[in-house]
$ cat start.pdb   # PDB, C-alpha atoms
MODEL        1
ATOM      1  CA  MET A1303      65.022  63.203 217.339
ATOM      2  CA  GLN A1304      64.757  60.104 219.489
ATOM      3  CA  HIS A1305      61.414  58.278 219.648
ATOM      4  CA  PHE A1306      60.159  55.728 222.152
ATOM      5  CA  ASP A1307      57.719  52.852 222.263
ATOM      6  CA  ALA A1308      54.820  53.431 224.646
ATOM      7  CA  GLN A1309      51.662  51.583 225.619
ATOM      8  CA  ILE A1310      48.248  52.854 226.638
ATOM      9  CA  ALA A1311      47.790  51.877 230.288
ATOM     10  CA  ALA A1312      44.527  53.761 230.895
ATOM     11  CA  ILE A1313      41.911  55.766 228.984
ATOM     12  CA  THR A1314      39.525  57.846 231.070
ATOM     13  CA  PRO A1315      36.721  60.208 229.984
ATOM     14  CA  ALA A1316      37.981  63.193 232.001
ATOM     15  CA  THR A1317      35.284  65.593 230.735
ATOM     16  CA  PRO A1318      32.483  65.252 228.145
ATOM     17  CA  SER A1319      34.939  66.307 225.413
ATOM     18  CA  ILE A1320      38.366  65.229 226.731
ATOM     19  CA  HIS A1321      39.901  61.799 227.250
ATOM     20  CA  ALA A1322      42.830  61.421 229.647
ATOM     21  CA  LEU A1323      45.475  58.894 228.610
ATOM     22  CA  ARG A1324      48.163  57.302 230.745
ATOM     23  CA  LEU A1325      51.057  55.932 228.706
ATOM     24  CA  THR A1326      53.784  53.687 230.046
ATOM     25  CA  VAL A1327      57.236  54.352 228.590
ATOM     26  CA  PRO A1328      59.623  51.517 229.504
ATOM     27  CA  ASP A1329      62.813  53.095 228.097
ATOM     28  CA  PRO A1330      64.603  54.782 231.064
ATOM     29  CA  SER A1331      66.237  57.298 228.713
ATOM     30  CA  PHE A1332      62.899  59.029 228.056
ATOM     31  CA  ARG A1333      62.914  62.512 229.582
ATOM     32  CA  PHE A1334      60.725  65.612 229.726
ATOM     33  CA  LEU A1335      60.467  68.838 231.696
ATOM     34  CA  PRO A1336      57.294  70.245 233.309
ATOM     35  CA  GLY A1337      55.269  72.015 230.601
ATOM     36  CA  GLN A1338      56.713  70.227 227.566
ATOM     37  CA  TRP A1339      54.881  68.315 224.828
ATOM     38  CA  VAL A1340      55.468  65.139 222.824
ATOM     39  CA  ASP A1341      54.694  63.974 219.317
ATOM     40  CA  LEU A1342      52.289  61.046 219.548
ATOM     41  CA  GLY A1343      52.412  58.641 216.618
ATOM     42  CA  VAL A1344      49.851  55.959 215.710
ATOM     43  CA  GLU A1345      49.249  53.839 212.635
ATOM     44  CA  ILE A1346      45.578  53.970 211.647
ATOM     45  CA  ASP A1347      44.376  51.644 208.881
ATOM     46  CA  GLY A1348      47.919  51.363 207.578
ATOM     47  CA  VAL A1349      48.573  55.110 207.552
ATOM     48  CA  ALA A1350      50.950  56.786 210.029
ATOM     49  CA  HIS A1351      49.511  59.787 211.887
ATOM     50  CA  THR A1352      51.372  62.122 214.247
ATOM     51  CA  ALA A1353      50.209  65.009 216.424
ATOM     52  CA  GLY A1354      51.697  67.012 219.263
ATOM     53  CA  TYR A1355      50.116  66.923 222.727
ATOM     54  CA  SER A1356      51.160  68.560 225.984
ATOM     55  CA  ILE A1357      52.112  66.292 228.859
ATOM     56  CA  THR A1358      49.841  66.787 231.889
ATOM     57  CA  THR A1359      51.905  64.905 234.472
ATOM     58  CA  SER A1360      55.097  65.596 236.410
ATOM     59  CA  PRO A1361      58.515  64.121 235.544
ATOM     60  CA  VAL A1362      58.753  63.070 239.184
ATOM     61  CA  HIS A1363      56.829  59.966 238.089
ATOM     62  CA  THR A1364      59.221  58.159 235.766
ATOM     63  CA  GLY A1365      58.235  55.509 233.256
ATOM     64  CA  GLU A1366      54.895  57.061 232.341
ATOM     65  CA  ILE A1367      53.214  60.239 231.116
ATOM     66  CA  GLY A1368      49.688  61.592 230.993
ATOM     67  CA  LEU A1369      47.975  63.304 228.065
ATOM     68  CA  ALA A1370      44.538  64.945 227.828
ATOM     69  CA  ILE A1371      43.136  64.959 224.295
ATOM     70  CA  LYS A1372      40.039  66.794 223.134
ATOM     71  CA  ALA A1373      37.639  65.146 220.695
ATOM     72  CA  SER A1374      37.828  66.323 217.095
ATOM     73  CA  THR A1375      36.264  64.908 213.943
ATOM     74  CA  ARG A1376      38.835  66.811 211.841
ATOM     75  CA  HIS A1377      41.958  65.246 213.377
ATOM     76  CA  PRO A1378      42.384  61.504 212.676
ATOM     77  CA  LEU A1379      44.560  60.830 215.726
ATOM     78  CA  SER A1380      42.202  62.576 218.136
ATOM     79  CA  ARG A1381      39.264  60.726 216.597
ATOM     80  CA  TRP A1382      41.122  57.401 216.954
ATOM     81  CA  ILE A1383      41.780  58.082 220.636
ATOM     82  CA  HIS A1384      38.128  58.843 221.350
ATOM     83  CA  GLU A1385      36.574  56.112 219.211
ATOM     84  CA  ARG A1386      39.019  53.236 218.728
ATOM     85  CA  ALA A1387      41.951  53.331 221.154
ATOM     86  CA  ARG A1388      42.059  50.606 223.804
ATOM     87  CA  VAL A1389      44.157  49.838 226.859
ATOM     88  CA  GLY A1390      47.158  47.815 225.690
ATOM     89  CA  ASP A1391      47.499  49.551 222.314
ATOM     90  CA  HIS A1392      51.052  50.453 221.337
ATOM     91  CA  VAL A1393      52.003  53.967 220.209
ATOM     92  CA  ARG A1394      55.187  55.969 219.622
ATOM     93  CA  ILE A1395      56.186  59.192 221.353
ATOM     94  CA  SER A1396      59.016  61.655 220.948
ATOM     95  CA  GLN A1397      61.276  63.021 223.637
ATOM     96  CA  GLY A1398      59.796  65.951 225.566
ATOM     97  CA  GLN A1399      59.894  69.106 223.437
ATOM     98  CA  GLY A1400      59.481  72.877 223.664
ATOM     99  CA  PRO A1401      60.738  75.836 225.742
ATOM    100  CA  PHE A1402      57.460  76.232 227.667
ATOM    101  CA  VAL A1403      58.923  74.838 230.897
ATOM    102  CA  TYR A1404      59.259  75.621 234.580
ATOM    103  CA  LEU A1405      62.381  74.956 236.645
ATOM    104  CA  PRO A1406      62.609  75.957 240.340
ATOM    105  CA  GLU A1407      65.426  78.442 239.753
ATOM    106  CA  MET A1408      63.275  80.439 237.314
ATOM    107  CA  SER A1409      60.995  82.030 239.945
ATOM    108  CA  ASP A1410      59.613  81.582 243.449
ATOM    109  CA  ASN A1411      56.197  82.827 242.278
ATOM    110  CA  VAL A1412      54.326  81.618 239.198
ATOM    111  CA  VAL A1413      50.867  82.259 237.783
ATOM    112  CA  LEU A1414      49.532  79.694 235.315
ATOM    113  CA  ILE A1415      46.792  81.155 233.093
ATOM    114  CA  GLY A1416      44.974  78.637 230.911
ATOM    115  CA  CYS A1417      41.797  78.425 228.861
ATOM    116  CA  GLY A1418      40.012  75.190 227.959
ATOM    117  CA  VAL A1419      42.270  72.316 226.926
ATOM    118  CA  GLY A1420      45.132  74.850 226.892
ATOM    119  CA  VAL A1421      45.450  74.156 230.605
ATOM    120  CA  THR A1422      47.266  70.848 229.917
ATOM    121  CA  PRO A1423      50.922  72.017 230.094
ATOM    122  CA  LEU A1424      50.034  74.183 233.080
ATOM    123  CA  LEU A1425      48.749  71.091 234.878
ATOM    124  CA  SER A1426      52.175  69.512 234.402
ATOM    125  CA  ILE A1427      53.802  72.500 236.117
ATOM    126  CA  PHE A1428      51.161  72.610 238.866
ATOM    127  CA  ARG A1429      51.518  68.889 239.541
ATOM    128  CA  HIS A1430      55.300  69.112 239.499
ATOM    129  CA  VAL A1431      55.325  71.800 242.193
ATOM    130  CA  ARG A1432      53.087  69.510 244.254
ATOM    131  CA  ASP A1433      54.810  66.193 243.547
ATOM    132  CA  ALA A1434      58.375  67.502 243.922
ATOM    133  CA  GLY A1435      57.497  69.308 247.149
ATOM    134  CA  LEU A1436      58.679  72.659 245.764
ATOM    135  CA  PRO A1437      58.028  75.816 247.836
ATOM    136  CA  THR A1438      57.035  77.819 244.730
ATOM    137  CA  GLN A1439      53.925  79.937 245.268
ATOM    138  CA  THR A1440      51.764  78.701 242.403
ATOM    139  CA  HIS A1441      48.455  80.158 241.233
ATOM    140  CA  LEU A1442      46.440  78.319 238.572
ATOM    141  CA  VAL A1443      43.912  80.602 236.840
ATOM    142  CA  TYR A1444      41.707  78.407 234.675
ATOM    143  CA  SER A1445      38.844  79.447 232.381
ATOM    144  CA  VAL A1446      36.378  76.944 230.926
ATOM    145  CA  SER A1447      33.118  77.224 229.016
ATOM    146  CA  ASN A1448      31.098  75.191 231.531
ATOM    147  CA  SER A1449      31.793  73.448 234.819
ATOM    148  CA  ARG A1450      31.598  69.946 233.318
ATOM    149  CA  GLU A1451      34.700  70.737 231.247
ATOM    150  CA  ILE A1452      37.004  71.338 234.243
ATOM    151  CA  LEU A1453      39.888  68.890 233.940
ATOM    152  CA  PHE A1454      40.871  67.001 237.099
ATOM    153  CA  ARG A1455      38.790  69.326 239.271
ATOM    154  CA  ASP A1456      38.745  67.089 242.356
ATOM    155  CA  GLU A1457      42.508  66.534 242.201
ATOM    156  CA  ILE A1458      43.260  70.247 241.804
ATOM    157  CA  GLU A1459      41.026  71.227 244.709
ATOM    158  CA  ALA A1460      42.512  68.490 246.921
ATOM    159  CA  ALA A1461      46.035  69.707 246.118
ATOM    160  CA  VAL A1462      45.105  73.276 247.067
ATOM    161  CA  HIS A1463      43.664  72.111 250.389
ATOM    162  CA  ALA A1464      46.754  70.048 251.163
ATOM    163  CA  HIS A1465      49.446  72.572 250.174
ATOM    164  CA  ASP A1466      49.626  76.178 251.372
ATOM    165  CA  ASN A1467      51.630  77.273 248.325
ATOM    166  CA  LEU A1468      49.123  76.005 245.749
ATOM    167  CA  HIS A1469      46.157  78.158 244.749
ATOM    168  CA  VAL A1470      43.446  77.913 242.082
ATOM    169  CA  SER A1471      40.905  80.291 240.571
ATOM    170  CA  ILE A1472      38.478  78.621 238.168
ATOM    171  CA  THR A1473      36.080  80.779 236.184
ATOM    172  CA  VAL A1474      33.217  79.568 233.994
ATOM    173  CA  THR A1475      32.093  81.635 231.010
ATOM    174  CA  GLN A1476      28.727  79.865 230.540
ATOM    175  CA  PRO A1477      27.702  78.959 234.100
ATOM    176  CA  ASP A1478      24.735  76.775 234.960
ATOM    177  CA  ALA A1479      22.730  76.485 238.157
ATOM    178  CA  ASN A1480      25.230  74.029 239.647
ATOM    179  CA  TRP A1481      28.186  76.429 239.434
ATOM    180  CA  HIS A1482      28.732  78.788 242.370
ATOM    181  CA  GLY A1483      32.274  80.021 241.681
ATOM    182  CA  LEU A1484      33.782  82.758 239.511
ATOM    183  CA  THR A1485      32.097  83.569 236.201
ATOM    184  CA  GLY A1486      33.122  85.329 233.006
ATOM    185  CA  ARG A1487      36.470  85.597 231.305
ATOM    186  CA  ILE A1488      39.783  86.181 233.049
ATOM    187  CA  ASP A1489      39.963  89.944 233.590
ATOM    188  CA  PRO A1490      41.979  92.546 235.544
ATOM    189  CA  VAL A1491      39.813  92.119 238.649
ATOM    190  CA  LYS A1492      40.505  88.378 238.799
ATOM    191  CA  LEU A1493      44.232  88.882 238.270
ATOM    192  CA  HIS A1494      44.558  91.693 240.815
ATOM    193  CA  ALA A1495      42.818  89.460 243.367
ATOM    194  CA  LEU A1496      45.804  87.073 243.212
ATOM    195  CA  ASP A1497      47.907  89.691 245.046
ATOM    196  CA  VAL A1498      51.220  88.389 243.711
ATOM    197  CA  PRO A1499      54.632  90.136 243.642
ATOM    198  CA  ASP A1500      55.695  92.231 240.655
ATOM    199  CA  ASP A1501      58.432  89.768 239.721
ATOM    200  CA  THR A1502      55.967  86.874 239.328
ATOM    201  CA  LEU A1503      56.525  84.638 236.308
ATOM    202  CA  TYR A1504      53.381  84.190 234.177
ATOM    203  CA  TYR A1505      52.572  81.301 231.833
ATOM    204  CA  LEU A1506      49.821  81.747 229.251
ATOM    205  CA  CYS A1507      48.278  78.898 227.265
ATOM    206  CA  GLY A1508      45.078  78.765 225.232
ATOM    207  CA  PRO A1509      43.592  80.148 222.012
ATOM    208  CA  LYS A1510      45.726  82.790 220.273
ATOM    209  CA  GLY A1511      43.272  85.604 221.015
ATOM    210  CA  MET A1512      43.171  84.761 224.706
ATOM    211  CA  VAL A1513      46.978  84.670 224.974
ATOM    212  CA  GLU A1514      47.277  88.027 223.177
ATOM    213  CA  ASP A1515      44.610  89.604 225.398
ATOM    214  CA  MET A1516      46.227  88.300 228.589
ATOM    215  CA  SER A1517      49.674  89.441 227.477
ATOM    216  CA  MET A1518      48.409  92.954 226.798
ATOM    217  CA  LEU A1519      46.502  93.026 230.074
ATOM    218  CA  LEU A1520      49.560  91.957 232.066
ATOM    219  CA  HIS A1521      51.813  94.490 230.337
ATOM    220  CA  ASP A1522      49.301  97.228 231.175
TER     221      ASP A1522
ENDMDL
END
$ encode --input "start.pdb" --output "structure tokens"
Amino acid sequence: MQHFDAQIAAITPATPSIHALRLTVPDPSFRFLPGQWVDLGVEIDGVAHTAGYSITTSPVHTGEIGLAIKASTRHPLSRWIHERARVGDHVRISQGQGPFVYLPEMSDNVVLIGCGVGVTPLLSIFRHVRDAGLPTQTHLVYSVSNSREILFRDEIEAAVHAHDNLHVSITVTQPDANWHGLTGRIDPVKLHALDVPDDTLYYLCGPKGMVEDMSMLLHD
């Protein structure tokens, strides 16, 4: 598999537990599809570490990608990103990988169901529909533990206001006094409220139990 040199152009604390990275990739042969992931490789104290992370951005924007990486004391690469990585650091990435992708010919209606940091590949699809000017009716259904953990909330809400075909339902399982939206887990009531056609294409991403529960719910 082909690998590419990349450089950290920006590191932003996107939520209390997640850092958003913007990587520049100068090689014009680098490619990915909306929803795919890359292997990110870094040498830490002389030891090579590699981990896979979903791309959060759209391939409309060439020469760069975005990643959103949750803090973890158990994973050396995640810990490096949160504690030691700096703008200008060089890393290696693979070509875009995985079959979890959206192409316009696949469906005119999509529902993107994500939980926690599992929303990252769904954000790539959501942003691609926006950035490519696609007419796809796109519903993002996003569950988080608390409202401070909502990734790119302002951007998502601005996109929904600016585009009639983009929709979002965010639900918080542990709401505080500052949250006035949906609460609790994603359930049949929340999904029925989307009022989407029967031939809608669904994407599920999150913890294994959540994906299994959503799959069973949708089949029912």
$ closest_residue --input "start.pdb" --among "A:Ser1331, A:Thr1438, A:Ser1360, A:Ser1319" --to "Thr1502 of chain A" --atoms "all atoms listed in the file"
A:Thr1438
$ closest_residue --input "start.pdb" --among "A:Leu1506, A:Leu1484, A:Leu1493, A:Ala1312" --to "Thr1422 of chain A" --atoms "all atoms listed in the file"
A:Leu1506
$ residues_around --input "start.pdb" --residues "Arg1450 of chain A" --least-positions-apart "3" --cutoff "9 Å" --atoms "all atoms listed in the file" --output "PyMOL selection string"
chain A and resi 1317-1318+1446-1447+1453
$ resolve_selection --input "start.pdb" --expression "the PyMOL selection byres ((chain A and resi 1363-1376) around 7)" --output "list of chain:residue names"
A:Ser1319, A:Ile1320, A:His1321, A:Ala1322, A:Leu1323, A:Arg1324, A:Leu1325, A:Thr1326, A:Val1327, A:Pro1328, A:Pro1330, A:Tyr1355, A:Ser1356, A:Ile1357, A:Thr1358, A:Thr1359, A:Ser1360, A:Pro1361, A:Val1362, A:His1377, A:Pro1378, A:Ser1380, A:Arg1381, A:His1384, A:Thr1422
$ resolve_selection --input "start.pdb" --expression "the PyMOL selection byres ((chain A and resi 1410) around 10)" --output "list in words"
Leu1405, Pro1406, Glu1407, Met1408, Ser1409, Asn1411, Val1412, Leu1436, Pro1437, Thr1438, Gln1439, Thr1440, Pro1499, Asp1501, Thr1502 and Leu1503 of chain A
$ atom_distance --input "start.pdb" --atom1 "atom CA of Gly1400 of chain A" --atom2 "atom CA of Gln1338 of chain A"
5.5 Å
$ resolve_selection --input "start.pdb" --expression "the PyMOL selection byres ((chain A and resi 1442) around 6)" --output "PyMOL selection string"
chain A and resi 1413-1414+1441+1443+1470
$ closest_residue --input "start.pdb" --among "A:Val1403, A:Gly1435, A:Ile1452, A:Ile1472" --to "Lys1492 of chain A" --atoms "only C-alpha atoms"
A:Ile1472
$ closest_residue --input "start.pdb" --among "A:His1430, A:Glu1514, A:Gly1418, A:Gln1399" --to "Phe1334 of chain A" --atoms "only C-alpha atoms"
A:Gln1399
$ build_atoms --input "start.pdb" --residues "segment 1460-1485 of chain A" --atoms "N, CA and C atoms" --output "mmCIF file, in the frame of the given file"
data_model
loop_
_atom_site.group_PDB
_atom_site.id
_atom_site.type_symbol
_atom_site.label_atom_id
_atom_site.label_comp_id
_atom_site.auth_asym_id
_atom_site.auth_seq_id
_atom_site.Cartn_x
_atom_site.Cartn_y
_atom_site.Cartn_z
ATOM 1 N N ALA A 1460 41.870 69.217 245.823
ATOM 2 C CA ALA A 1460 42.512 68.490 246.921
ATOM 3 C C ALA A 1460 43.947 68.965 247.119
ATOM 4 N N ALA A 1461 44.651 69.233 246.028
ATOM 5 C CA ALA A 1461 46.035 69.707 246.118
ATOM 6 C C ALA A 1461 46.092 71.069 246.802
ATOM 7 N N VAL A 1462 45.146 71.944 246.468
ATOM 8 C CA VAL A 1462 45.105 73.276 247.067
ATOM 9 C C VAL A 1462 44.844 73.181 248.572
ATOM 10 N N HIS A 1463 43.964 72.271 248.965
ATOM 11 C CA HIS A 1463 43.664 72.111 250.389
ATOM 12 C C HIS A 1463 44.837 71.528 251.159
ATOM 13 N N ALA A 1464 45.656 70.738 250.477
ATOM 14 C CA ALA A 1464 46.754 70.048 251.163
ATOM 15 C C ALA A 1464 48.062 70.832 251.169
ATOM 16 N N HIS A 1465 48.176 71.851 250.311
ATOM 17 C CA HIS A 1465 49.446 72.572 250.174
ATOM 18 C C HIS A 1465 49.202 74.076 250.236
ATOM 19 N N ASP A 1466 49.837 74.746 251.179
ATOM 20 C CA ASP A 1466 49.626 76.178 251.372
ATOM 21 C C ASP A 1466 50.135 77.018 250.206
ATOM 22 N N ASN A 1467 51.057 76.490 249.421
ATOM 23 C CA ASN A 1467 51.630 77.273 248.325
ATOM 24 C C ASN A 1467 50.914 77.072 246.994
ATOM 25 N N LEU A 1468 49.884 76.242 246.974
ATOM 26 C CA LEU A 1468 49.123 76.005 245.749
ATOM 27 C C LEU A 1468 47.763 76.700 245.841
ATOM 28 N N HIS A 1469 47.407 77.387 244.770
ATOM 29 C CA HIS A 1469 46.157 78.158 244.749
ATOM 30 C C HIS A 1469 45.484 77.974 243.385
ATOM 31 N N VAL A 1470 44.163 78.043 243.354
ATOM 32 C CA VAL A 1470 43.446 77.913 242.082
ATOM 33 C C VAL A 1470 42.267 78.873 242.035
ATOM 34 N N SER A 1471 42.084 79.474 240.860
ATOM 35 C CA SER A 1471 40.905 80.291 240.571
ATOM 36 C C SER A 1471 40.312 79.758 239.270
ATOM 37 N N ILE A 1472 39.147 79.154 239.354
ATOM 38 C CA ILE A 1472 38.478 78.621 238.168
ATOM 39 C C ILE A 1472 37.293 79.513 237.848
ATOM 40 N N THR A 1473 37.204 79.949 236.595
ATOM 41 C CA THR A 1473 36.080 80.779 236.184
ATOM 42 C C THR A 1473 35.370 80.144 234.999
ATOM 43 N N VAL A 1474 34.056 80.220 235.010
ATOM 44 C CA VAL A 1474 33.217 79.568 233.994
ATOM 45 C C VAL A 1474 32.506 80.648 233.181
ATOM 46 N N THR A 1475 32.665 80.584 231.858
ATOM 47 C CA THR A 1475 32.093 81.635 231.010
ATOM 48 C C THR A 1475 30.618 81.412 230.687
ATOM 49 N N GLN A 1476 30.144 80.168 230.782
ATOM 50 C CA GLN A 1476 28.727 79.865 230.540
ATOM 51 C C GLN A 1476 28.198 79.057 231.727
ATOM 52 N N PRO A 1477 28.061 79.695 232.882
ATOM 53 C CA PRO A 1477 27.702 78.959 234.100
ATOM 54 C C PRO A 1477 26.273 78.437 234.087
ATOM 55 N N ASP A 1478 26.081 77.309 234.768
ATOM 56 C CA ASP A 1478 24.735 76.775 234.960
ATOM 57 C C ASP A 1478 24.373 76.884 236.439
ATOM 58 N N ALA A 1479 23.222 76.347 236.787
ATOM 59 C CA ALA A 1479 22.730 76.485 238.157
ATOM 60 C C ALA A 1479 23.591 75.758 239.175
ATOM 61 N N ASN A 1480 24.401 74.801 238.721
ATOM 62 C CA ASN A 1480 25.230 74.029 239.647
ATOM 63 C C ASN A 1480 26.584 74.673 239.925
ATOM 64 N N TRP A 1481 26.885 75.787 239.236
ATOM 65 C CA TRP A 1481 28.186 76.429 239.434
ATOM 66 C C TRP A 1481 28.038 77.652 240.331
ATOM 67 N N HIS A 1482 28.837 77.700 241.393
ATOM 68 C CA HIS A 1482 28.732 78.788 242.370
ATOM 69 C C HIS A 1482 30.043 79.547 242.536
ATOM 70 N N GLY A 1483 30.983 79.347 241.600
ATOM 71 C CA GLY A 1483 32.274 80.021 241.681
ATOM 72 C C GLY A 1483 32.339 81.245 240.779
ATOM 73 N N LEU A 1484 33.569 81.604 240.375
ATOM 74 C CA LEU A 1484 33.782 82.758 239.511
ATOM 75 C C LEU A 1484 33.137 82.544 238.148
ATOM 76 N N THR A 1485 32.701 83.639 237.535
ATOM 77 C CA THR A 1485 32.097 83.569 236.201
ATOM 78 C C THR A 1485 32.734 84.614 235.292
#
